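Asker: Pasting input27.cif here (mmCIF, C-alpha atoms and all ligand atoms):
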data_upload
#
loop_
_atom_site.label_atom_id
_atom_site.label_comp_id
_atom_site.auth_asym_id
_atom_site.auth_seq_id
_atom_site.Cartn_x
_atom_site.Cartn_y
_atom_site.Cartn_z
CA MET O 161 110.34 82.78 -64.97
CA ALA O 162 110.29 86.19 -66.59
CA CYS O 163 114.09 86.48 -66.25
CA ALA O 164 114.61 83.02 -67.76
CA LEU O 165 112.33 83.91 -70.67
CA ALA O 166 114.11 87.23 -71.19
CA ASP O 167 117.43 85.39 -71.38
CA VAL O 168 116.15 83.37 -74.32
CA GLY O 169 114.72 86.48 -75.96
CA VAL O 170 111.06 86.15 -74.96
CA ALA O 171 109.35 89.30 -73.64
CA SER O 172 106.79 89.03 -70.83
CA THR O 173 104.51 91.04 -68.59
CA VAL O 174 104.44 90.05 -64.90
CA LEU O 175 101.10 90.65 -63.17
CA GLU O 176 101.35 90.73 -59.37
CA GLN O 177 98.52 91.59 -57.02
CA ALA O 178 100.83 92.80 -54.22
CA PRO O 179 101.96 96.44 -54.27
CA LEU O 180 105.38 97.28 -55.75
CA ALA O 181 106.86 97.93 -52.28
CA ALA O 182 106.13 94.32 -51.22
CA ILE O 183 108.07 93.05 -54.23
CA ALA O 184 110.88 95.63 -54.28
CA GLU O 185 111.65 95.32 -50.58
CA PRO O 186 110.18 92.04 -49.37
CA GLN O 187 109.87 91.64 -45.63
CA GLU O 188 111.36 88.73 -43.71
CA ASP O 189 108.76 85.91 -43.65
CA GLY O 190 110.49 83.29 -41.50
CA ARG O 191 111.17 80.89 -44.38
CA GLU O 192 114.73 79.69 -44.84
CA ILE O 193 114.85 77.98 -48.20
CA ALA O 194 117.11 74.94 -48.46
CA LEU O 195 118.38 75.05 -52.03
CA THR O 196 119.61 71.95 -53.82
CA HIS O 197 122.69 72.08 -56.04
CA ARG O 198 120.47 72.07 -59.11
CA GLY O 199 118.41 74.91 -57.61
CA MET O 200 121.57 76.95 -56.93
CA GLY O 201 122.70 76.24 -60.51
CA VAL O 202 119.49 77.71 -61.91
CA LEU O 203 119.90 80.84 -59.77
CA GLN O 204 123.51 81.15 -60.96
CA GLN O 205 122.42 80.88 -64.60
CA LEU O 206 119.96 83.71 -64.01
CA GLY O 207 122.57 85.85 -62.23
CA ALA O 208 120.39 85.91 -59.10
CA TRP O 209 122.81 83.87 -56.99
CA GLN O 210 125.54 86.45 -57.62
CA ASP O 211 123.23 89.18 -56.26
CA LEU O 212 122.88 87.47 -52.87
CA PRO O 213 125.13 88.95 -50.14
CA PRO O 214 127.46 86.09 -49.08
CA GLU O 215 126.50 86.49 -45.42
CA VAL O 216 122.87 85.44 -46.09
CA ILE O 217 123.95 82.07 -47.56
CA SER O 218 124.42 79.31 -44.95
CA PRO O 219 125.99 75.98 -45.94
CA LEU O 220 124.01 72.84 -45.13
CA LYS O 221 126.67 70.18 -44.57
CA ALA O 222 124.68 67.32 -43.08
CA ALA O 223 121.20 66.30 -41.91
CA GLN O 224 120.14 63.96 -39.13
CA VAL O 225 116.69 62.44 -38.74
CA PHE O 226 115.49 61.38 -35.26
CA ASN O 227 112.43 59.37 -34.24
CA GLY O 228 110.70 60.09 -30.90
CA GLN O 229 113.06 59.97 -27.89
CA ASP O 230 115.58 57.68 -29.62
CA ALA O 231 119.10 59.15 -29.58
CA ARG O 232 120.07 57.17 -32.70
CA PHE O 233 119.54 58.93 -36.00
CA LEU O 234 119.54 58.45 -39.76
CA GLY O 235 122.30 60.70 -41.09
CA PHE O 236 122.82 62.23 -44.52
CA THR O 237 126.06 63.77 -45.74
CA PRO O 238 127.26 64.84 -49.19
CA GLU O 239 129.87 62.04 -49.12
CA GLY O 240 130.41 60.44 -52.52
CA GLN O 241 128.79 63.34 -54.37
CA GLY O 242 131.87 65.44 -55.02
CA THR O 243 130.76 68.36 -52.88
CA ASP O 244 131.16 69.54 -49.30
CA ARG O 245 127.49 70.36 -48.73
CA LEU O 246 123.99 68.96 -49.15
CA GLY O 247 122.79 72.40 -50.19
CA SER O 248 122.58 76.00 -48.97
CA LEU O 249 120.04 77.86 -46.87
CA VAL O 250 118.90 81.30 -47.98
CA PRO O 251 116.12 83.42 -46.40
CA ASN O 252 113.06 83.48 -48.66
CA HIS O 253 112.82 87.29 -48.65
CA TRP O 254 116.35 87.46 -50.10
CA LEU O 255 115.37 85.13 -52.93
CA ARG O 256 112.40 87.36 -53.67
CA GLN O 257 114.63 90.44 -53.49
CA VAL O 258 117.12 89.12 -56.08
CA ALA O 259 114.27 87.96 -58.34
CA TYR O 260 113.00 91.54 -58.37
CA GLN O 261 116.48 92.89 -59.06
CA GLY O 262 116.79 90.43 -61.95
CA ALA O 263 113.55 91.70 -63.47
CA ARG O 264 114.70 95.31 -63.12
CA ARG O 265 117.94 94.45 -64.91
CA ARG O 266 116.02 93.25 -67.99
CA PRO O 267 113.71 96.26 -68.59
CA ASP O 268 113.50 95.77 -72.36
CA LEU O 269 111.97 92.33 -72.04
CA ILE O 270 110.13 92.40 -68.70
CA GLN O 271 107.24 94.65 -67.86
CA LEU O 272 106.43 94.49 -64.16
CA ARG O 273 102.91 95.50 -63.17
CA CYS O 274 102.17 95.39 -59.44
CA GLY O 275 98.92 95.95 -57.57
CA VAL O 276 96.93 94.26 -60.34
CA LYS O 277 94.89 91.13 -59.77
CA VAL O 278 94.01 88.58 -62.44
CA ARG O 279 90.30 87.74 -62.20
CA GLY O 280 89.46 86.24 -65.57
CA LEU O 281 91.06 84.01 -68.17
CA SER O 282 90.12 82.93 -71.64
CA LEU O 283 92.43 80.55 -73.44
CA ALA O 284 91.04 81.07 -76.93
CA VAL O 285 90.47 84.60 -78.22
CA GLN O 286 91.19 86.03 -81.72
CA GLY O 287 89.91 82.80 -83.19
CA GLY O 288 92.22 80.72 -80.97
CA ARG O 289 95.37 82.72 -81.81
CA ALA O 290 95.83 84.20 -78.30
CA ALA O 291 94.92 83.81 -74.64
CA GLN O 292 93.48 86.66 -72.60
CA VAL O 293 93.60 87.60 -68.93
CA GLU O 294 91.23 90.07 -67.36
CA LEU O 295 92.39 92.25 -64.47
CA ASP O 296 90.18 93.28 -61.58
CA ASP O 297 89.79 96.80 -63.03
CA GLY O 298 88.38 95.27 -66.23
CA GLU O 299 91.52 95.73 -68.37
CA ARG O 300 92.18 92.86 -70.78
CA LEU O 301 95.61 91.69 -71.93
CA GLN O 302 96.31 89.20 -74.69
CA ALA O 303 99.36 87.02 -75.29
CA PRO O 304 100.27 83.77 -77.07
CA LEU O 305 101.00 82.11 -73.71
CA VAL O 306 99.86 82.64 -70.11
CA ILE O 307 102.05 81.19 -67.35
CA ALA O 308 100.44 81.05 -63.92
CA ALA O 309 102.59 81.14 -60.76
CA ASP O 310 99.93 82.35 -58.35
CA SER O 311 100.49 80.00 -55.37
CA ARG O 312 99.34 76.50 -54.48
CA PHE O 313 95.76 77.77 -54.26
CA SER O 314 96.08 79.18 -57.79
CA ALA O 315 92.86 80.84 -58.93
CA THR O 316 94.19 81.01 -62.49
CA ARG O 317 94.68 77.23 -62.52
CA ARG O 318 91.01 76.86 -61.69
CA LEU O 319 90.04 79.43 -64.34
CA ALA O 320 91.97 77.31 -66.87
CA GLY O 321 89.79 74.34 -65.90
CA ILE O 322 92.66 72.44 -64.30
CA GLY O 323 91.99 70.63 -61.03
CA ALA O 324 94.53 69.68 -58.37
CA ASP O 325 95.06 66.93 -55.82
CA MET O 326 95.08 68.54 -52.38
CA LEU O 327 96.22 67.08 -49.11
CA ASP O 328 95.43 69.13 -46.02
CA PHE O 329 97.63 67.84 -43.22
CA GLY O 330 95.46 69.59 -40.58
CA ARG O 331 98.70 70.96 -39.20
CA SER O 332 100.46 74.28 -39.14
CA VAL O 333 104.08 75.18 -39.16
CA ILE O 334 105.54 77.82 -36.82
CA LEU O 335 108.86 79.33 -37.82
CA CYS O 336 111.27 81.44 -35.82
CA ARG O 337 114.95 82.06 -35.38
CA ILE O 338 116.52 80.74 -32.19
CA ARG O 339 119.95 81.39 -30.71
CA HIS O 340 121.48 78.38 -28.97
CA GLU O 341 124.34 77.51 -26.66
CA LYS O 342 125.81 74.52 -28.56
CA PRO O 343 127.24 74.76 -32.10
CA HIS O 344 125.16 73.32 -34.93
CA HIS O 345 128.11 72.24 -37.12
CA HIS O 346 125.97 73.25 -40.12
CA THR O 347 123.85 70.16 -39.56
CA ALA O 348 120.06 70.22 -39.91
CA LEU O 349 118.13 68.21 -37.32
CA GLU O 350 114.74 66.73 -38.21
CA CYS O 351 113.14 65.41 -35.03
CA PHE O 352 109.86 63.51 -35.41
CA HIS O 353 108.61 63.70 -31.84
CA HIS O 354 105.26 62.31 -30.83
CA GLY O 355 102.57 64.93 -31.51
CA HIS O 356 104.86 67.44 -33.21
CA THR O 357 107.94 67.71 -35.43
CA MET O 358 110.90 70.00 -34.84
CA ALA O 359 113.37 70.80 -37.58
CA TRP O 360 116.43 72.93 -36.85
CA LEU O 361 118.02 74.60 -39.85
CA PRO O 362 121.58 75.85 -39.22
CA LEU O 363 122.17 79.51 -40.08
CA GLN O 364 124.96 81.66 -38.69
CA GLU O 365 127.11 80.66 -35.72
CA GLN O 366 124.85 79.38 -32.92
CA LEU O 367 121.75 80.57 -34.73
CA SER O 368 119.16 78.23 -36.25
CA SER O 369 115.71 78.47 -37.73
CA LEU O 370 113.19 76.35 -35.86
CA VAL O 371 110.47 74.80 -38.01
CA LEU O 372 107.83 73.47 -35.66
CA THR O 373 105.04 71.38 -37.17
CA ILE O 374 102.09 70.89 -34.89
CA ALA O 375 98.30 70.37 -34.91
CA ALA O 376 96.61 73.57 -36.06
CA ASP O 377 94.77 74.15 -32.73
CA GLN O 378 97.97 73.75 -30.68
CA ALA O 379 99.74 76.10 -33.09
CA GLN O 380 97.18 78.80 -32.26
CA THR O 381 97.88 78.35 -28.54
CA LEU O 382 101.64 78.58 -29.07
CA LEU O 383 101.29 81.64 -31.28
CA ALA O 384 99.16 83.34 -28.64
CA ALA O 385 101.63 82.48 -25.86
CA SER O 386 104.09 85.13 -24.64
CA GLU O 387 107.67 84.99 -25.93
CA ASP O 388 108.85 83.57 -22.58
CA GLU O 389 106.16 80.87 -22.55
CA PHE O 390 106.93 79.92 -26.15
CA GLN O 391 110.66 79.84 -25.48
CA SER O 392 110.25 77.62 -22.45
CA TRP O 393 107.91 75.26 -24.40
CA VAL O 394 110.58 74.93 -27.11
CA GLN O 395 113.34 74.48 -24.52
CA THR O 396 111.44 71.64 -22.83
CA HIS O 397 110.64 69.84 -26.09
CA SER O 398 114.06 70.25 -27.72
CA GLN O 399 115.52 67.61 -25.39
CA GLY O 400 118.64 69.72 -24.86
CA GLN O 401 120.01 68.96 -28.33
CA LEU O 402 121.27 72.52 -28.81
CA GLY O 403 121.67 73.51 -25.15
CA ARG O 404 120.09 76.67 -23.77
CA LEU O 405 117.81 78.43 -26.24
CA GLU O 406 116.81 82.04 -26.75
CA LEU O 407 114.18 83.38 -29.16
CA ALA O 408 115.90 85.57 -31.80
CA GLY O 409 113.05 86.84 -33.95
CA PRO O 410 109.29 86.97 -34.52
CA ARG O 411 107.15 83.86 -34.97
CA HIS O 412 105.57 83.20 -38.38
CA HIS O 413 103.06 80.55 -39.25
CA TYR O 414 101.74 78.73 -42.34
CA PRO O 415 99.00 76.13 -42.87
CA LEU O 416 100.25 72.84 -44.31
CA VAL O 417 98.48 71.85 -47.50
CA ALA O 418 100.17 69.98 -50.35
CA THR O 419 98.84 70.34 -53.90
CA TYR O 420 99.62 68.74 -57.24
CA ALA O 421 97.96 70.02 -60.41
CA LYS O 422 96.18 67.41 -62.54
CA ARG O 423 97.93 68.91 -65.57
CA PHE O 424 100.67 71.52 -65.88
CA THR O 425 99.68 72.77 -69.29
CA ALA O 426 96.77 73.46 -71.60
CA ARG O 427 96.80 75.11 -75.00
CA ARG O 428 98.31 78.61 -74.43
CA PHE O 429 98.70 77.95 -70.71
CA ALA O 430 101.34 76.59 -68.31
CA LEU O 431 101.66 76.29 -64.54
CA ILE O 432 104.90 76.70 -62.62
CA GLY O 433 105.93 77.12 -58.96
CA ASP O 434 103.52 76.12 -56.25
CA ALA O 435 100.65 76.50 -58.73
CA ALA O 436 102.01 73.32 -60.36
CA VAL O 437 103.41 71.51 -57.30
CA GLY O 438 102.87 72.75 -53.73
CA MET O 439 105.08 70.65 -51.48
CA HIS O 440 105.05 69.92 -47.74
CA PRO O 441 108.26 71.69 -46.57
CA VAL O 442 109.77 68.64 -44.80
CA THR O 443 111.85 67.59 -47.81
CA ALA O 444 112.60 71.24 -48.72
CA HIS O 445 111.71 70.90 -52.38
CA GLY O 446 108.93 73.42 -53.15
CA TYR O 447 111.02 76.39 -54.21
CA ASN O 448 113.55 74.10 -55.89
CA PHE O 449 110.78 72.53 -57.95
CA GLY O 450 109.75 76.05 -58.90
CA LEU O 451 113.28 76.68 -60.21
CA TYR O 452 113.37 73.33 -62.03
CA GLY O 453 110.07 74.21 -63.71
CA VAL O 454 111.43 77.61 -64.77
CA GLN O 455 114.56 76.00 -66.21
CA THR O 456 112.67 73.27 -68.07
CA LEU O 457 109.93 75.48 -69.49
CA ALA O 458 112.36 78.20 -70.63
CA ALA O 459 114.65 75.60 -72.22
CA GLU O 460 111.78 73.92 -74.08
CA LEU O 461 110.40 77.22 -75.37
CA ALA O 462 113.89 78.30 -76.44
CA ALA O 463 114.41 75.00 -78.27
CA ALA O 464 111.06 75.44 -80.05
CA ARG O 465 112.15 78.91 -81.17
CA ARG O 466 115.50 77.67 -82.39
CA HIS O 467 113.67 75.09 -84.45
CA ARG O 468 111.36 77.67 -86.01
CA ALA O 469 111.82 81.39 -85.37
CA ASP O 470 108.12 82.24 -85.80
CA VAL O 471 106.86 79.33 -83.66
CA ASP O 472 103.63 79.97 -81.74
CA LEU O 473 104.84 79.49 -78.15
CA GLY O 474 101.35 78.86 -76.83
CA ASP O 475 100.77 76.05 -79.27
CA ALA O 476 104.14 74.39 -79.15
CA VAL O 477 104.98 70.76 -78.47
CA ALA O 478 107.39 72.45 -76.04
CA LEU O 479 104.48 72.66 -73.58
CA GLU O 480 103.85 68.92 -73.85
CA ARG O 481 107.54 68.21 -73.28
CA PHE O 482 107.55 70.53 -70.25
CA GLU O 483 104.49 68.72 -68.89
CA ARG O 484 106.21 65.35 -69.19
CA LEU O 485 109.63 66.38 -67.87
CA HIS O 486 108.34 68.39 -64.93
CA ARG O 487 105.97 65.61 -63.88
CA ARG O 488 108.86 63.16 -64.04
CA ALA O 489 111.05 65.46 -61.90
CA THR O 490 108.42 66.04 -59.23
CA ARG O 491 105.75 63.34 -58.98
CA THR O 492 107.65 60.62 -57.11
CA ILE O 493 109.13 63.05 -54.59
CA TYR O 494 105.71 64.66 -54.05
CA LEU O 495 104.10 61.29 -53.29
CA GLY O 496 107.12 60.11 -51.27
CA THR O 497 107.13 63.28 -49.16
CA ASN O 498 103.43 62.94 -48.39
CA ALA O 499 103.89 59.28 -47.43
CA VAL O 500 106.81 60.12 -45.11
CA VAL O 501 104.82 62.94 -43.50
CA LYS O 502 101.79 60.69 -42.96
CA LEU O 503 103.86 57.92 -41.40
CA PHE O 504 106.02 60.18 -39.23
CA THR O 505 103.08 62.17 -37.88
CA ASP O 506 101.08 59.05 -37.09
CA ASP O 507 101.54 58.37 -33.38
CA ARG O 508 99.64 55.08 -33.20
CA PRO O 509 101.79 52.28 -31.68
CA LEU O 510 102.11 50.32 -34.95
CA ALA O 511 103.16 53.43 -36.87
CA ARG O 512 105.78 54.24 -34.22
CA VAL O 513 107.32 50.79 -34.70
CA LEU O 514 107.20 51.19 -38.46
CA ARG O 515 108.86 54.60 -38.21
CA GLN O 516 111.72 53.07 -36.26
CA GLY O 517 111.97 50.24 -38.79
CA VAL O 518 112.10 52.64 -41.74
CA LEU O 519 114.89 54.73 -40.19
CA HIS O 520 116.96 51.71 -39.19
CA GLY O 521 116.34 49.99 -42.52
CA ALA O 522 117.50 53.05 -44.44
CA ALA O 523 120.55 53.41 -42.16
CA GLN O 524 121.59 49.83 -43.03
CA LEU O 525 121.24 50.37 -46.78
CA PRO O 526 123.97 52.72 -48.04
CA PRO O 527 122.68 52.71 -51.67
CA LEU O 528 119.24 53.79 -50.45
CA LYS O 529 120.80 56.50 -48.30
CA LEU O 530 122.86 57.72 -51.25
CA MET O 531 119.75 57.76 -53.43
CA ILE O 532 117.86 59.82 -50.83
CA SER O 533 120.87 62.17 -50.41
CA GLN O 534 121.05 62.66 -54.17
CA GLN O 535 117.38 63.61 -54.25
CA LEU O 536 117.83 66.02 -51.34
CA THR O 537 120.81 67.69 -53.02
CA GLY O 538 119.39 67.60 -56.54
CA ARG O 539 122.66 66.07 -57.81
CA GLY O 540 121.46 62.65 -58.94
CA PRO O 541 119.18 61.51 -61.74
CA SER O 542 115.48 61.92 -60.97
CA LEU O 543 114.05 59.43 -58.48
CA TRP O 544 111.79 58.13 -61.24
CA CYS O 545 114.85 57.29 -63.37
CA GLN O 546 116.63 55.69 -60.43
CA LEU O 547 113.63 53.51 -59.57
CA ARG O 548 113.15 52.56 -63.23
CA ALA O 549 116.81 51.53 -63.43
CA THR O 550 116.28 49.08 -60.57
CA LEU O 551 113.32 47.36 -62.29
CA PRO O 552 113.95 44.24 -64.33
C1 LIG O 601 107.38 76.99 -43.93
C2 LIG O 601 107.86 76.78 -45.31
C3 LIG O 601 109.18 76.40 -45.51
C4 LIG O 601 109.63 76.15 -46.82
N1 LIG O 601 110.91 75.71 -47.00
C5 LIG O 601 111.35 75.41 -48.24
C6 LIG O 601 112.68 74.91 -48.46
O1 LIG O 601 113.48 74.75 -47.53
N2 LIG O 601 113.06 74.62 -49.74
C7 LIG O 601 112.21 74.79 -50.80
O2 LIG O 601 112.60 74.49 -51.94
N3 LIG O 601 110.95 75.28 -50.61
C8 LIG O 601 110.50 75.58 -49.37
N4 LIG O 601 109.24 76.07 -49.19
C9 LIG O 601 108.38 76.27 -50.37
C10 LIG O 601 108.53 77.65 -51.03
O3 LIG O 601 108.42 78.66 -50.07
C11 LIG O 601 107.46 77.79 -52.10
O4 LIG O 601 107.54 76.67 -52.97
C12 LIG O 601 107.64 79.05 -52.94
O5 LIG O 601 107.74 80.19 -52.15
C13 LIG O 601 106.48 79.20 -53.90
O6 LIG O 601 106.68 80.30 -54.72
P1 LIG O 601 105.58 80.69 -55.81
O7 LIG O 601 106.13 81.93 -56.45
O8 LIG O 601 105.24 79.54 -56.66
O9 LIG O 601 104.27 81.01 -55.01
P2 LIG O 601 103.97 82.15 -53.96
O10 LIG O 601 105.20 82.52 -53.19
O11 LIG O 601 102.77 81.70 -53.19
O12 LIG O 601 103.64 83.44 -54.82
C14 LIG O 601 102.43 83.57 -55.53
C15 LIG O 601 102.32 85.03 -55.96
O13 LIG O 601 101.17 85.17 -56.80
C16 LIG O 601 100.49 86.36 -56.43
N5 LIG O 601 99.08 86.17 -56.83
C17 LIG O 601 98.21 85.26 -56.33
N6 LIG O 601 97.02 85.35 -56.95
C18 LIG O 601 97.13 86.35 -57.86
C19 LIG O 601 96.24 86.94 -58.80
N7 LIG O 601 94.97 86.49 -58.95
N8 LIG O 601 96.69 87.97 -59.57
C20 LIG O 601 97.96 88.43 -59.45
N9 LIG O 601 98.85 87.91 -58.56
C21 LIG O 601 98.44 86.88 -57.79
C22 LIG O 601 100.70 86.48 -54.94
O14 LIG O 601 100.52 87.81 -54.49
C23 LIG O 601 102.14 85.99 -54.79
O15 LIG O 601 103.08 87.03 -54.91
C24 LIG O 601 108.75 76.31 -47.91
C25 LIG O 601 107.43 76.73 -47.69
C26 LIG O 601 106.99 76.96 -46.40
C27 LIG O 601 105.56 77.41 -46.18
#
Kindly present the structure from the file in structure tokens form.
Answerer:
Amino acid sequence: MACALADVGVASTVLEQAPLAAIAEPQEDGREIALTHRGMGVLQQLGAWQDLPPEVISPLKAAQVFNGQDARFLGFTPEGQGTDRLGSLVPNHWLRQVAYQGARRRPDLIQLRCGVKVRGLSLAVQGGRAAQVELDDGERLQAPLVIAADSRFSATRRLAGIGADMLDFGRSVILCRIRHEKPHHHTALECFHHGHTMAWLPLQEQLSSLVLTIAADQAQTLLAASEDEFQSWVQTHSQGQLGRLELAGPRHHYPLVATYAKRFTARRFALIGDAAVGMHPVTAHGYNFGLYGVQTLAAELAAARRHRADVDLGDAVALERFERLHRRATRTIYLGTNAVVKLFTDDRPLARVLRQGVLHGAAQLPPLKLMISQQLTGRGPSLWCQLRATLP
């Protein structure tokens, strides 16, 4: 966000509670981020994409969705979209690394302050002409606009008096890299088994990232298991799709909670990233939504400035426009993702039949498949626009 603002001439101070080392040299965290075409475009605009070493970018050429033991699948390809891939996979720590490099490249307009925690917020100081944040050492900083990007559990969002819808799936996700015998053909596999979900994200040759979604208590057992026990559990439950498997890295885990802020803006305040929309990872949209939010908010603030050079950015209609556009870009996919997750993790007999029906129904409807593919790749109009176009 700071880089996007700098590129339209707006100076900012970034306040990050983690120490500088954690930002300058981020450690591998298990997350492989599937970037949509629009997401990649935003990174290119910021110059961050160009900073990524080519070998850390893995093409995602197709995706297949399986239900239970059924060998049939619902397949997605980029066919008809003028591209050879659905998107690209990039390790999360590399995205954080290039974001840091981008900030360092714009020293005149970005001040980076690490190891400082925001603990207080007031949205109307100086008679309403500025907002103020208070750091945990008592220091106070004032600015026309505060943008919060402090995670899906955003404390700053709460301090701004903005609530959020939260959906705790009661599940955890375990991530780890796995080497396998059979080639992956750059195809992601999403397997909704009964009791757990396994997604395989294709990385380098015969190397994939396993994303295992499982009840939180079972996740604890699997995390406590030895490497051999874990590997043999995965081998048994993978149904031989990728042949013989071998653990190729540490296990990481995350709780699964989706959040959606009641509002994205207030006077002198905006939310972006997970603080605005915290997605379940199954449709791989969280980070992409973060990038879309950055692009939209920066563009609206830039337009407001073009209109009037001395515009008060914290009081601009630009914030209202951002609110509307970002909600439109995210709301339907957020609700759709949660509905898919609920249905495909419901193992009751009726839900299993419905799951099968949904997959087969979608497979028989090429326009629906294309619409879903376009949403996954970020190449089509927003789902909201597509649905509206189908209404009488
Ligand atoms: C398993 C998994 C897989 C995923 N896969 C994908 C995918 O394939 N595609 C995709 O698009 N997305 C994916 N995501 C989502 C993506 O990782 C997140 O959307 C993204 O990382 C959120 O970034 P953020 O900067 O908004 O929040 P965060 O990464 O949570 O960063 C918040 C920052 O705020 C700081 N902070 C918090 N509180 C304070 C405070 N009071 N003061 C100062 N600093 C503070 C924190 O230290 C942290 O650095 C996945 C997520 C998970 C868990």
Asker: Excluding range 478-489 of chain O and residues on its chain fewer than 2 positions from it, collect all residues at most 10 Å away from it, counting only C-alpha atoms, and give them as a PyMOL selection string.
Answerer: chain O and resi 420-421+423-432+436-437+449-450+452-465+473-476+491-494+541-545
Asker: To check your reading of the model: which residues sit at most 8 Å from ligand LIG 601 (chain O) when counting all atoms listed in the file? Write the answer as a PyMOL selection string.
Answerer: chain O and resi 175-178+183+190-196+249+252+275-279+295+309-312+314-316+333-335+371+413-416+432-450
Asker: Please, what is the axis-aligned box for every listed atom of range 408-423 of chain O with 5 Å on each side, as centre and edge lengths in Å to one decimal, as AutoDock Vina command-line options?
Answerer:
--center_x 106.0 --center_y 77.2 --center_z -48.7 --size_x 29.7 --size_y 29.6 --size_z 43.8
Asker: Please produce, as a Markdown table, a per-residue contact table for range 306-340 of chain O versus range 499-521 of chain O (criterion: any atom at most 12 Å away, all atoms listed in the file considered), showing the nearest atom pair and its distance in Å to one decimal, sorted by chain then residue number.
Answerer:
| residue | atom | partner | partner_atom | distance |
| --- | --- | --- | --- | --- |
| O:Leu327 | CA | O:Lys502 | CA | 10.5 |
| O:Asp328 | CA | O:Lys502 | CA | 11.0 |
| O:Phe329 | CA | O:Lys502 | CA | 8.3 |
| O:Gly330 | CA | O:Thr505 | CA | 11.0 |
| O:Arg331 | CA | O:Thr505 | CA | 9.9 |
Asker: Given the choices O:Val174, O:Leu451, O:Cys351, O:Ala259, which gets closest to Gly207 in chain O if the distance is worked out from all atoms listed in the file?
Answerer: O:Ala259
Asker: Using all atoms listed in the file, which of O:Gly247, O:Leu383, O:Glu239, O:Gln261 sits nearest Gly201 in chain O?
Answerer: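 Between O:Gly247, O:Leu383, O:Glu239, O:Gln261, the residue approaching Gly201 in chain O most closely is O:Gly247.
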Asker: Can you pull out every residue within 6 Å of range 226-233 of chain O, counting only C-alpha atoms, but drop anything in the same chain fewer than 6 positions away, and send it as a PyMOL selection string?
Answerer: chain O and resi 351-354
Asker: What does the distance from CA of Glu294 in chain O to CA of Pro179 in chain O come to in Å, to one decimal?
Answerer: 18.1 Å
Asker: Calculate how many Å separate CA of His412 in chain O from CA of Ala384 in chain O, rounding to one decimal.
Answerer: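 About the pair CA of His412 in chain O and CA of Ala384 in chain O: they are 11.7 Å apart.
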Asker: I'd like the interatomic distance between CA of His197 in chain O and CA of Gln366 in chain O, to a tenth of an Å.
Answerer: 24.3 Å
Asker: If we count only C-alpha atoms and set the cut-off at 12 Å, which residues sit around Ser368 in chain O, ignoring sequence neighbours fewer than 4 positions away in its own chain? Please answer as a ChimeraX atom specification.
Answerer: /O:190-192,218,220,249,251,335-349,358-364,402,405-409
Asker: Given all atoms listed in the file as the basis, pick out the residue of O:Leu319, O:Thr419, O:Met161, O:Val170 nearest to Asn498 in chain O.
Answerer: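 Going through O:Leu319, O:Thr419, O:Met161, O:Val170 one by one, the smallest distance to Asn498 in chain O is for O:Thr419.
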Asker: Choose the residue, out of O:Ala469, O:Leu212, O:Pro410, O:Arg289, that has the smallest atom-to-atom separation from Gly169 in chain O; count all atoms listed in the file.
Answerer: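 Of O:Ala469, O:Leu212, O:Pro410, O:Arg289, the one nearest Gly169 in chain O, counting all atoms listed in the file, is O:Ala469.
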